[in-house]
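Here is run_3.tsv, consisting of TSV, C-alpha atoms:
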```
chain	number	residue	atom	x	y	z
A	8	MET	CA	-23.57	-21.82	-13.21
A	9	ASP	CA	-27.08	-20.87	-12.01
A	10	ASP	CA	-25.79	-19.41	-8.77
A	11	ALA	CA	-23.12	-17.29	-10.44
A	12	ARG	CA	-24.21	-13.78	-11.01
A	13	LYS	CA	-22.76	-11.04	-13.13
A	14	VAL	CA	-21.77	-8.10	-10.98
A	15	ARG	CA	-23.50	-4.88	-12.04
A	16	PRO	CA	-21.06	-2.15	-13.07
A	17	LYS	CA	-22.95	0.67	-11.28
A	18	THR	CA	-22.99	-1.33	-8.04
A	19	LEU	CA	-19.30	-2.09	-8.44
A	20	ILE	CA	-18.48	1.60	-8.87
A	21	LEU	CA	-20.27	2.39	-5.60
A	22	SER	CA	-18.36	-0.42	-3.91
A	23	ALA	CA	-15.09	0.87	-5.30
A	24	ILE	CA	-15.80	4.37	-3.95
A	25	ALA	CA	-16.67	2.88	-0.58
A	26	GLY	CA	-13.53	0.77	-0.69
A	27	LEU	CA	-11.40	3.81	-1.43
A	28	THR	CA	-13.04	5.68	1.46
A	29	GLY	CA	-12.28	2.75	3.72
A	30	GLY	CA	-8.68	2.71	2.55
A	31	PHE	CA	-8.27	6.41	3.26
A	32	LEU	CA	-9.77	6.01	6.70
A	33	LEU	CA	-7.37	3.16	7.38
A	34	ALA	CA	-4.50	5.41	6.31
A	35	ILE	CA	-5.39	8.26	8.71
A	36	PRO	CA	-4.11	6.59	11.92
A	37	LEU	CA	-0.92	5.51	10.13
A	38	SER	CA	-0.17	8.99	8.76
A	39	ARG	CA	-0.78	10.54	12.16
A	40	SER	CA	1.57	8.05	13.85
A	41	LEU	CA	4.37	9.00	11.44
A	42	MET	CA	4.05	12.75	12.09
A	43	PRO	CA	5.76	14.52	15.01
A	44	GLU	CA	3.34	15.05	17.83
A	45	SER	CA	3.59	18.83	17.51
A	46	GLU	CA	2.59	18.66	13.83
A	47	ALA	CA	-0.21	16.12	14.14
A	48	PRO	CA	-3.63	17.71	13.54
A	49	LEU	CA	-6.19	17.58	16.26
A	50	LEU	CA	-8.62	15.00	14.88
A	51	LEU	CA	-11.27	13.03	16.60
A	52	PRO	CA	-10.61	9.26	16.69
A	53	VAL	CA	-11.76	7.76	13.42
A	54	SER	CA	-13.43	4.36	13.30
A	55	ASN	CA	-13.10	2.68	9.94
A	56	PRO	CA	-16.56	1.35	8.97
A	57	PHE	CA	-14.95	-0.92	6.37
A	58	SER	CA	-12.36	-2.55	8.64
A	59	ALA	CA	-14.21	-5.87	8.49
A	60	TRP	CA	-13.73	-5.88	4.73
A	61	SER	CA	-9.95	-5.82	4.99
A	62	VAL	CA	-9.93	-9.06	6.98
A	63	PHE	CA	-12.11	-10.92	4.48
A	64	ASP	CA	-12.30	-13.92	6.84
A	65	ASN	CA	-9.31	-15.72	5.24
A	66	ARG	CA	-11.58	-17.28	2.65
A	67	GLU	CA	-9.98	-18.99	-0.34
A	68	ILE	CA	-11.23	-17.98	-3.77
A	69	LEU	CA	-10.98	-19.88	-7.05
A	70	VAL	CA	-10.04	-17.70	-10.03
A	71	LEU	CA	-10.55	-19.09	-13.54
A	72	GLY	CA	-9.42	-17.46	-16.75
A	73	VAL	CA	-11.76	-18.48	-19.57
A	74	ASP	CA	-11.76	-17.66	-23.27
A	75	ASP	CA	-14.69	-16.07	-25.05
A	76	GLY	CA	-16.04	-19.51	-25.95
A	77	GLY	CA	-16.40	-20.41	-22.28
A	78	GLY	CA	-14.90	-23.91	-22.71
A	79	ASN	CA	-11.65	-25.02	-21.10
A	80	THR	CA	-9.88	-22.72	-18.68
A	81	ASP	CA	-6.62	-21.04	-19.69
A	82	ALA	CA	-5.63	-20.12	-16.13
A	83	ILE	CA	-6.48	-21.70	-12.78
A	84	PHE	CA	-5.37	-20.37	-9.42
A	85	THR	CA	-6.61	-19.80	-5.89
A	86	LEU	CA	-6.35	-16.54	-3.98
A	87	LYS	CA	-6.34	-15.97	-0.24
A	88	VAL	CA	-5.77	-12.86	1.87
A	89	GLU	CA	-4.32	-13.74	5.26
A	90	GLY	CA	-1.79	-12.33	7.73
A	91	GLY	CA	-0.88	-9.29	5.64
A	92	ARG	CA	-0.29	-11.37	2.51
A	93	THR	CA	-2.21	-12.07	-0.65
A	94	SER	CA	-1.29	-15.64	-1.53
A	95	ILE	CA	-1.85	-16.96	-5.05
A	96	THR	CA	-1.46	-20.67	-5.78
A	97	GLN	CA	-1.22	-21.55	-9.47
A	98	ILE	CA	-2.61	-24.91	-10.58
A	99	PRO	CA	-1.24	-26.40	-13.83
A	100	ARG	CA	-4.07	-26.61	-16.34
A	101	ASP	CA	-2.84	-30.00	-17.65
A	102	SER	CA	-2.88	-31.58	-14.18
A	103	TYR	CA	-4.21	-35.15	-14.20
A	104	ILE	CA	-7.31	-35.45	-12.01
A	105	ASP	CA	-9.22	-38.68	-11.42
A	106	SER	CA	-12.40	-36.76	-10.74
A	107	HIS	CA	-15.23	-38.24	-8.70
A	108	SER	CA	-17.86	-37.15	-11.21
A	109	PHE	CA	-16.22	-37.38	-14.65
A	110	GLY	CA	-13.34	-39.83	-14.32
A	111	PRO	CA	-9.81	-39.02	-15.55
A	112	VAL	CA	-9.61	-35.47	-16.93
A	113	LYS	CA	-7.21	-32.57	-17.19
A	114	ALA	CA	-7.81	-29.81	-14.66
A	115	ASN	CA	-8.64	-27.31	-17.40
A	116	ALA	CA	-11.52	-29.50	-18.63
A	117	LEU	CA	-13.38	-29.58	-15.31
A	118	TYR	CA	-15.09	-26.26	-15.95
A	119	ALA	CA	-16.40	-27.41	-19.35
A	120	TYR	CA	-17.77	-30.61	-17.79
A	121	GLY	CA	-19.33	-29.30	-14.61
A	122	GLY	CA	-18.86	-25.55	-14.28
A	123	HIS	CA	-17.21	-23.74	-11.40
A	124	GLU	CA	-18.88	-25.98	-8.79
A	125	ALA	CA	-17.10	-29.03	-10.20
A	126	VAL	CA	-13.76	-27.20	-10.17
A	127	LYS	CA	-14.27	-26.01	-6.59
A	128	ALA	CA	-15.28	-29.48	-5.39
A	129	GLU	CA	-12.32	-31.29	-6.96
A	130	LEU	CA	-9.74	-28.69	-5.98
A	131	SER	CA	-11.07	-28.49	-2.41
A	132	ARG	CA	-10.51	-32.24	-2.17
A	133	LEU	CA	-7.03	-32.16	-3.72
A	134	MET	CA	-5.84	-29.01	-1.96
A	135	GLY	CA	-7.05	-30.34	1.38
A	136	ARG	CA	-8.88	-27.14	2.27
A	137	PRO	CA	-12.24	-25.61	1.35
A	138	ILE	CA	-12.48	-23.21	-1.59
A	139	ASP	CA	-15.39	-20.97	-0.75
A	140	HIS	CA	-15.94	-18.67	-3.72
A	141	HIS	CA	-15.17	-18.26	-7.40
A	142	ILE	CA	-14.34	-15.53	-9.89
A	143	LEU	CA	-14.47	-16.16	-13.65
A	144	VAL	CA	-12.53	-13.69	-15.80
A	145	ASN	CA	-12.44	-13.77	-19.59
A	146	LEU	CA	-9.39	-12.88	-21.64
A	147	ASN	CA	-11.03	-9.75	-23.01
A	148	GLY	CA	-11.21	-8.44	-19.45
A	149	ILE	CA	-7.50	-9.04	-18.90
A	150	ARG	CA	-6.67	-7.09	-22.05
A	151	LYS	CA	-8.83	-4.13	-21.04
A	152	LEU	CA	-7.64	-4.05	-17.44
A	153	SER	CA	-4.01	-4.02	-18.58
A	154	ASP	CA	-4.78	-1.07	-20.88
A	155	LEU	CA	-6.40	0.88	-18.03
A	156	VAL	CA	-3.25	0.63	-15.88
A	157	GLY	CA	-1.01	1.42	-18.82
A	158	GLY	CA	0.15	-2.15	-19.42
A	159	VAL	CA	2.33	-4.45	-17.31
A	160	GLU	CA	6.12	-4.57	-17.25
A	161	VAL	CA	7.59	-8.02	-17.94
A	162	ASP	CA	10.93	-9.39	-19.09
A	163	VAL	CA	10.05	-11.58	-22.09
A	164	PRO	CA	12.48	-14.50	-21.69
A	165	LYS	CA	12.89	-15.37	-25.38
A	166	ARG	CA	11.46	-14.91	-28.86
A	167	LEU	CA	7.78	-15.87	-28.86
A	168	TYR	CA	6.10	-16.39	-32.20
A	169	TYR	CA	2.94	-18.32	-33.03
A	170	ARG	CA	0.12	-17.90	-35.53
A	171	ASP	CA	-3.26	-19.65	-35.44
A	172	ASN	CA	-5.48	-18.40	-38.27
A	173	SER	CA	-8.46	-20.44	-37.05
A	174	GLN	CA	-8.52	-18.40	-33.80
A	175	GLY	CA	-7.30	-15.16	-35.33
A	176	LEU	CA	-4.33	-15.39	-32.97
A	177	LEU	CA	-0.90	-13.91	-33.66
A	178	ILE	CA	1.80	-13.93	-31.00
A	179	ASP	CA	4.92	-12.03	-32.04
A	180	LEU	CA	7.16	-10.85	-29.18
A	181	GLN	CA	10.87	-10.11	-29.01
A	182	PRO	CA	12.93	-10.98	-25.90
A	183	GLY	CA	13.75	-8.42	-23.22
A	184	PRO	CA	12.06	-6.07	-20.72
A	185	GLN	CA	9.02	-4.32	-22.15
A	186	LEU	CA	5.57	-2.94	-21.40
A	187	LEU	CA	2.84	-5.30	-22.57
A	188	LYS	CA	-0.83	-4.51	-22.99
A	189	GLY	CA	-3.85	-5.65	-24.99
A	190	HIS	CA	-3.32	-8.47	-27.45
A	191	ASP	CA	0.44	-8.60	-26.81
A	192	LEU	CA	-0.22	-9.33	-23.14
A	193	GLU	CA	-2.82	-11.96	-24.05
A	194	GLY	CA	-0.31	-13.62	-26.38
A	195	PHE	CA	2.36	-13.63	-23.67
A	196	LEU	CA	-0.07	-15.35	-21.30
A	197	ARG	CA	-1.33	-17.92	-23.82
A	198	TRP	CA	1.89	-18.91	-25.59
A	199	ARG	CA	2.98	-22.48	-24.81
A	200	HIS	CA	4.62	-23.77	-27.97
A	201	ASP	CA	7.95	-25.05	-26.72
A	202	GLU	CA	9.35	-27.86	-24.59
A	203	GLU	CA	8.21	-26.12	-21.39
A	204	GLY	CA	4.52	-26.31	-22.39
A	205	ASP	CA	2.13	-25.57	-19.55
A	206	LEU	CA	4.91	-25.09	-16.98
A	207	GLY	CA	6.38	-22.27	-19.05
A	208	ARG	CA	2.96	-20.68	-19.32
A	209	LEU	CA	2.57	-20.79	-15.55
A	210	ALA	CA	5.91	-19.02	-15.12
A	211	ARG	CA	4.78	-16.26	-17.49
A	212	GLN	CA	1.43	-15.95	-15.69
A	213	GLN	CA	3.34	-15.50	-12.44
A	214	LEU	CA	5.39	-12.65	-13.95
A	215	VAL	CA	2.20	-10.92	-15.12
A	216	LEU	CA	0.36	-11.40	-11.81
A	217	LYS	CA	3.21	-9.82	-9.84
A	218	SER	CA	3.56	-6.93	-12.26
A	219	LEU	CA	-0.20	-6.28	-12.45
A	220	PHE	CA	-0.55	-6.41	-8.67
A	221	SER	CA	2.32	-3.93	-8.31
A	222	ARG	CA	0.72	-1.48	-10.75
A	223	LEU	CA	-2.77	-1.74	-9.28
A	224	THR	CA	-1.50	-0.80	-5.82
A	225	ARG	CA	0.38	2.31	-6.98
A	226	PRO	CA	-1.12	5.56	-5.59
A	227	GLU	CA	-1.62	7.04	-9.06
A	228	HIS	CA	-3.89	4.14	-9.98
A	229	LEU	CA	-6.16	4.48	-6.95
A	230	VAL	CA	-8.09	7.23	-8.72
A	231	LYS	CA	-8.73	4.77	-11.56
A	232	LEU	CA	-10.18	2.13	-9.27
A	233	PRO	CA	-13.86	2.86	-10.10
A	234	ALA	CA	-13.09	2.49	-13.83
A	235	LEU	CA	-11.12	-0.70	-13.16
A	236	ILE	CA	-13.97	-2.17	-11.15
A	237	LYS	CA	-16.49	-1.18	-13.80
A	238	GLU	CA	-14.39	-2.89	-16.46
A	239	ALA	CA	-14.03	-5.96	-14.28
A	240	GLY	CA	-17.80	-6.09	-13.84
A	241	ASN	CA	-18.22	-6.30	-17.60
A	242	ASN	CA	-15.82	-9.23	-17.86
A	243	LEU	CA	-16.29	-11.38	-14.80
A	244	GLU	CA	-18.82	-13.55	-13.05
A	245	THR	CA	-18.63	-14.29	-9.34
A	246	ASP	CA	-20.65	-15.48	-6.37
A	247	LEU	CA	-19.18	-12.64	-4.29
A	248	GLY	CA	-21.53	-9.79	-3.57
A	249	ALA	CA	-20.54	-6.28	-4.67
A	250	MET	CA	-19.64	-5.30	-1.09
A	251	GLU	CA	-17.57	-8.47	-0.69
A	252	LEU	CA	-15.74	-7.81	-3.95
A	253	GLY	CA	-15.00	-4.26	-2.82
A	254	GLY	CA	-13.74	-5.68	0.48
A	255	LEU	CA	-11.47	-8.14	-1.30
A	256	ILE	CA	-9.91	-5.37	-3.40
A	257	THR	CA	-9.46	-3.19	-0.30
A	258	ALA	CA	-7.81	-6.08	1.54
A	259	MET	CA	-5.47	-6.93	-1.33
A	260	GLY	CA	-4.34	-3.31	-1.55
A	261	LEU	CA	-3.05	-3.52	2.04
A	262	THR	CA	-0.95	-6.67	1.58
A	263	GLU	CA	2.18	-8.08	0.00
A	264	LEU	CA	1.79	-10.51	-2.89
A	265	GLU	CA	3.15	-14.06	-2.76
A	266	THR	CA	2.77	-16.53	-5.63
A	267	GLU	CA	3.54	-20.22	-5.81
A	268	ARG	CA	3.00	-22.97	-8.36
A	269	LEU	CA	2.17	-26.55	-7.49
A	270	ASP	CA	5.06	-28.78	-8.55
A	271	ALA	CA	4.35	-31.10	-11.47
A	272	ARG	CA	6.10	-33.20	-14.12
A	273	PRO	CA	4.84	-34.42	-17.49
A	274	PHE	CA	3.81	-37.99	-18.26
A	275	TYR	CA	1.81	-39.88	-20.87
A	276	ARG	CA	-1.21	-42.10	-20.33
A	277	ASN	CA	-3.08	-43.74	-23.20
A	278	GLY	CA	-1.32	-41.46	-25.64
A	279	ILE	CA	-2.39	-38.26	-23.83
A	280	SER	CA	0.07	-35.93	-22.12
A	281	TYR	CA	-0.73	-34.88	-18.56
A	282	LEU	CA	1.04	-33.28	-15.63
A	283	ASP	CA	1.54	-35.31	-12.48
A	284	THR	CA	0.86	-32.61	-9.89
A	285	GLU	CA	1.87	-32.73	-6.23
A	286	TRP	CA	-1.36	-31.88	-4.46
A	287	PRO	CA	-1.21	-30.44	-0.92
A	288	ALA	CA	-3.71	-33.03	0.37
A	289	GLN	CA	-1.32	-35.85	-0.58
A	290	GLN	CA	1.61	-34.19	1.15
A	291	SER	CA	-0.42	-33.83	4.36
A	292	GLY	CA	-1.52	-37.48	4.26
A	293	GLY	CA	-5.02	-36.74	2.95
A	294	ASP	CA	-6.70	-37.89	-0.25
A	295	ALA	CA	-4.15	-39.98	-2.17
A	296	SER	CA	-6.35	-40.96	-5.08
A	297	GLU	CA	-4.08	-39.04	-7.45
A	298	SER	CA	-1.01	-41.10	-6.46
A	299	SER	CA	1.41	-41.51	-9.36
A	300	SER	CA	2.51	-45.06	-8.46
A	301	TRP	CA	0.63	-46.48	-11.48
A	302	ARG	CA	1.89	-43.90	-13.93
A	303	TYR	CA	4.43	-44.50	-16.64
A	304	ARG	CA	6.43	-42.84	-19.41
A	305	PHE	CA	7.50	-39.74	-17.50
A	306	LEU	CA	9.06	-37.28	-19.91
A	307	TYR	CA	11.72	-36.08	-17.39
```
Mind turning this structure into structure tokens?
Amino acid sequence: MDDARKVRPKTLILSAIAGLTGGFLLAIPLSRSLMPESEAPLLLPVSNPFSAWSVFDNREILVLGVDDGGGNTDAIFTLKVEGGRTSITQIPRDSYIDSHSFGPVKANALYAYGGHEAVKAELSRLMGRPIDHHILVNLNGIRKLSDLVGGVEVDVPKRLYYRDNSQGLLIDLQPGPQLLKGHDLEGFLRWRHDEEGDLGRLARQQLVLKSLFSRLTRPEHLVKLPALIKEAGNNLETDLGAMELGGLITAMGLTELETERLDARPFYRNGISYLDTEWPAQQSGGDASESSSWRYRFLY
């Protein structure tokens, strides 16, 4: 992780302010076009100096959720801003990968073995497209960000209860719509103790991502953006520069969110449970090294 750098909070605040300015400048032509011509103020044409940010060159970014220990990854997804959409592709953490460097592993172990570069290399191969950048976010950052936006609204599908004294973890949630923040939100994201396992966790992550995205793009939260970026800077590492990160946030704020999860089904190999994931590169006739023809003991 030598090339990963921790983004400085002060620099991030400046980028956030610049990003907000760019967003307001982008909004000026739109607001003028919606007003009757007689009511439109006489303004000189405004050129948005941050317009290049909002394009962000259609680069795909790897996002990893890591715990405080920095070992295996609890969440893996890619993010891309393109054509007015922010597209998030979730990757099951228990996906079987016959990696070129480490042999057969679960996707969530790649980071522990070889850092973000190993994850980017393997997923670029299996996704059939280059992954250019990375963002590492720890769970403490997710808790604090959710608090700053007042929590996220989710419909808890069923009773979730789990206690792990060794980790100091208690998950105790009742079913139904509710506002989750802090440790309750972390528990909702981490819980996987039923027959759905990792697939159920991915569904819950998708609910949280959609809700968090919706709250972040509300007008009343724009004024909190510098604080949000500062908090993010304390809890993430990335190879994006501060200006690039500000550009990404600006671009995401102007788009609709779409999420998808790679299809997968459980199987056992040598007594270890994995997920047989349908990688985009296989579907397009690319790298087929992860073919499941040799696999056995599918669970369903």
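The two atoms in question, CA of Thr257 in chain A and CA of Asn241 in chain A, are spaced 19.6 Å apart.
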Taken to one decimal, the CA of Pro184 in chain A-CA of Ser94 in chain A distance is 25.3 Å
Contact residues around range 99-106 of chain A with all atoms listed in the file at 10 Å, ignoring same-chain residues under 6 positions, as an mmCIF file with C-alpha atoms, keeping the file's coordinate frame:
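Contents of selection.cif, as written:
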```cif
data_model
loop_
_atom_site.group_PDB
_atom_site.id
_atom_site.type_symbol
_atom_site.label_atom_id
_atom_site.label_comp_id
_atom_site.auth_asym_id
_atom_site.auth_seq_id
_atom_site.Cartn_x
_atom_site.Cartn_y
_atom_site.Cartn_z
ATOM 1 C CA ASN A 79 -11.650 -25.020 -21.100
ATOM 2 C CA THR A 80 -9.880 -22.720 -18.680
ATOM 3 C CA ASP A 81 -6.620 -21.040 -19.690
ATOM 4 C CA ALA A 82 -5.630 -20.120 -16.130
ATOM 5 C CA ILE A 83 -6.480 -21.700 -12.780
ATOM 6 C CA PHE A 84 -5.370 -20.370 -9.420
ATOM 7 C CA VAL A 112 -9.610 -35.470 -16.930
ATOM 8 C CA LYS A 113 -7.210 -32.570 -17.190
ATOM 9 C CA ALA A 114 -7.810 -29.810 -14.660
ATOM 10 C CA ASN A 115 -8.640 -27.310 -17.400
ATOM 11 C CA ALA A 116 -11.520 -29.500 -18.630
ATOM 12 C CA LEU A 117 -13.380 -29.580 -15.310
ATOM 13 C CA ALA A 125 -17.100 -29.030 -10.200
ATOM 14 C CA VAL A 126 -13.760 -27.200 -10.170
ATOM 15 C CA ALA A 128 -15.280 -29.480 -5.390
ATOM 16 C CA GLU A 129 -12.320 -31.290 -6.960
ATOM 17 C CA LEU A 130 -9.740 -28.690 -5.980
ATOM 18 C CA ARG A 132 -10.510 -32.240 -2.170
ATOM 19 C CA LEU A 133 -7.030 -32.160 -3.720
ATOM 20 C CA GLY A 204 4.520 -26.310 -22.390
ATOM 21 C CA ASP A 205 2.130 -25.570 -19.550
ATOM 22 C CA LEU A 206 4.910 -25.090 -16.980
ATOM 23 C CA ARG A 208 2.960 -20.680 -19.320
ATOM 24 C CA LEU A 209 2.570 -20.790 -15.550
ATOM 25 C CA ARG A 268 3.000 -22.970 -8.360
ATOM 26 C CA LEU A 269 2.170 -26.550 -7.490
ATOM 27 C CA ASP A 270 5.060 -28.780 -8.550
ATOM 28 C CA ALA A 271 4.350 -31.100 -11.470
ATOM 29 C CA ARG A 272 6.100 -33.200 -14.120
ATOM 30 C CA PRO A 273 4.840 -34.420 -17.490
ATOM 31 C CA PHE A 274 3.810 -37.990 -18.260
ATOM 32 C CA ARG A 276 -1.210 -42.100 -20.330
ATOM 33 C CA SER A 280 0.070 -35.930 -22.120
ATOM 34 C CA TYR A 281 -0.730 -34.880 -18.560
ATOM 35 C CA LEU A 282 1.040 -33.280 -15.630
ATOM 36 C CA ASP A 283 1.540 -35.310 -12.480
ATOM 37 C CA THR A 284 0.860 -32.610 -9.890
ATOM 38 C CA GLU A 285 1.870 -32.730 -6.230
ATOM 39 C CA TRP A 286 -1.360 -31.880 -4.460
ATOM 40 C CA SER A 296 -6.350 -40.960 -5.080
ATOM 41 C CA GLU A 297 -4.080 -39.040 -7.450
ATOM 42 C CA SER A 298 -1.010 -41.100 -6.460
ATOM 43 C CA SER A 299 1.410 -41.510 -9.360
#
```
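All residues of protein, DNA or RNA that reach within 12 Å of Ser131 in chain A, judged by all atoms listed in the file and not counting those fewer than 5 positions away in the chain, are Glu67, Ile68, Leu69, Thr85, Ser106, His123, Glu124, Ala125, Val126, Arg136, Pro137, Ile138, Asp139, His140, Trp286, Pro287, Ala288, Gly293 and Asp294 of chain A.
For the atom pair formed by CA of Arg150 in chain A and CA of Leu187 in chain A, the distance is 9.7 Å, given to one decimal.
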Using only C-alpha atoms, determine which residues lie at most 9 Å from Asp179 in chain A, disregarding the query and same-chain residues fewer than 2 positions distant; provide the list as a PyMOL selection string.
-> chain A and resi 166-170+177+181+191+194-195
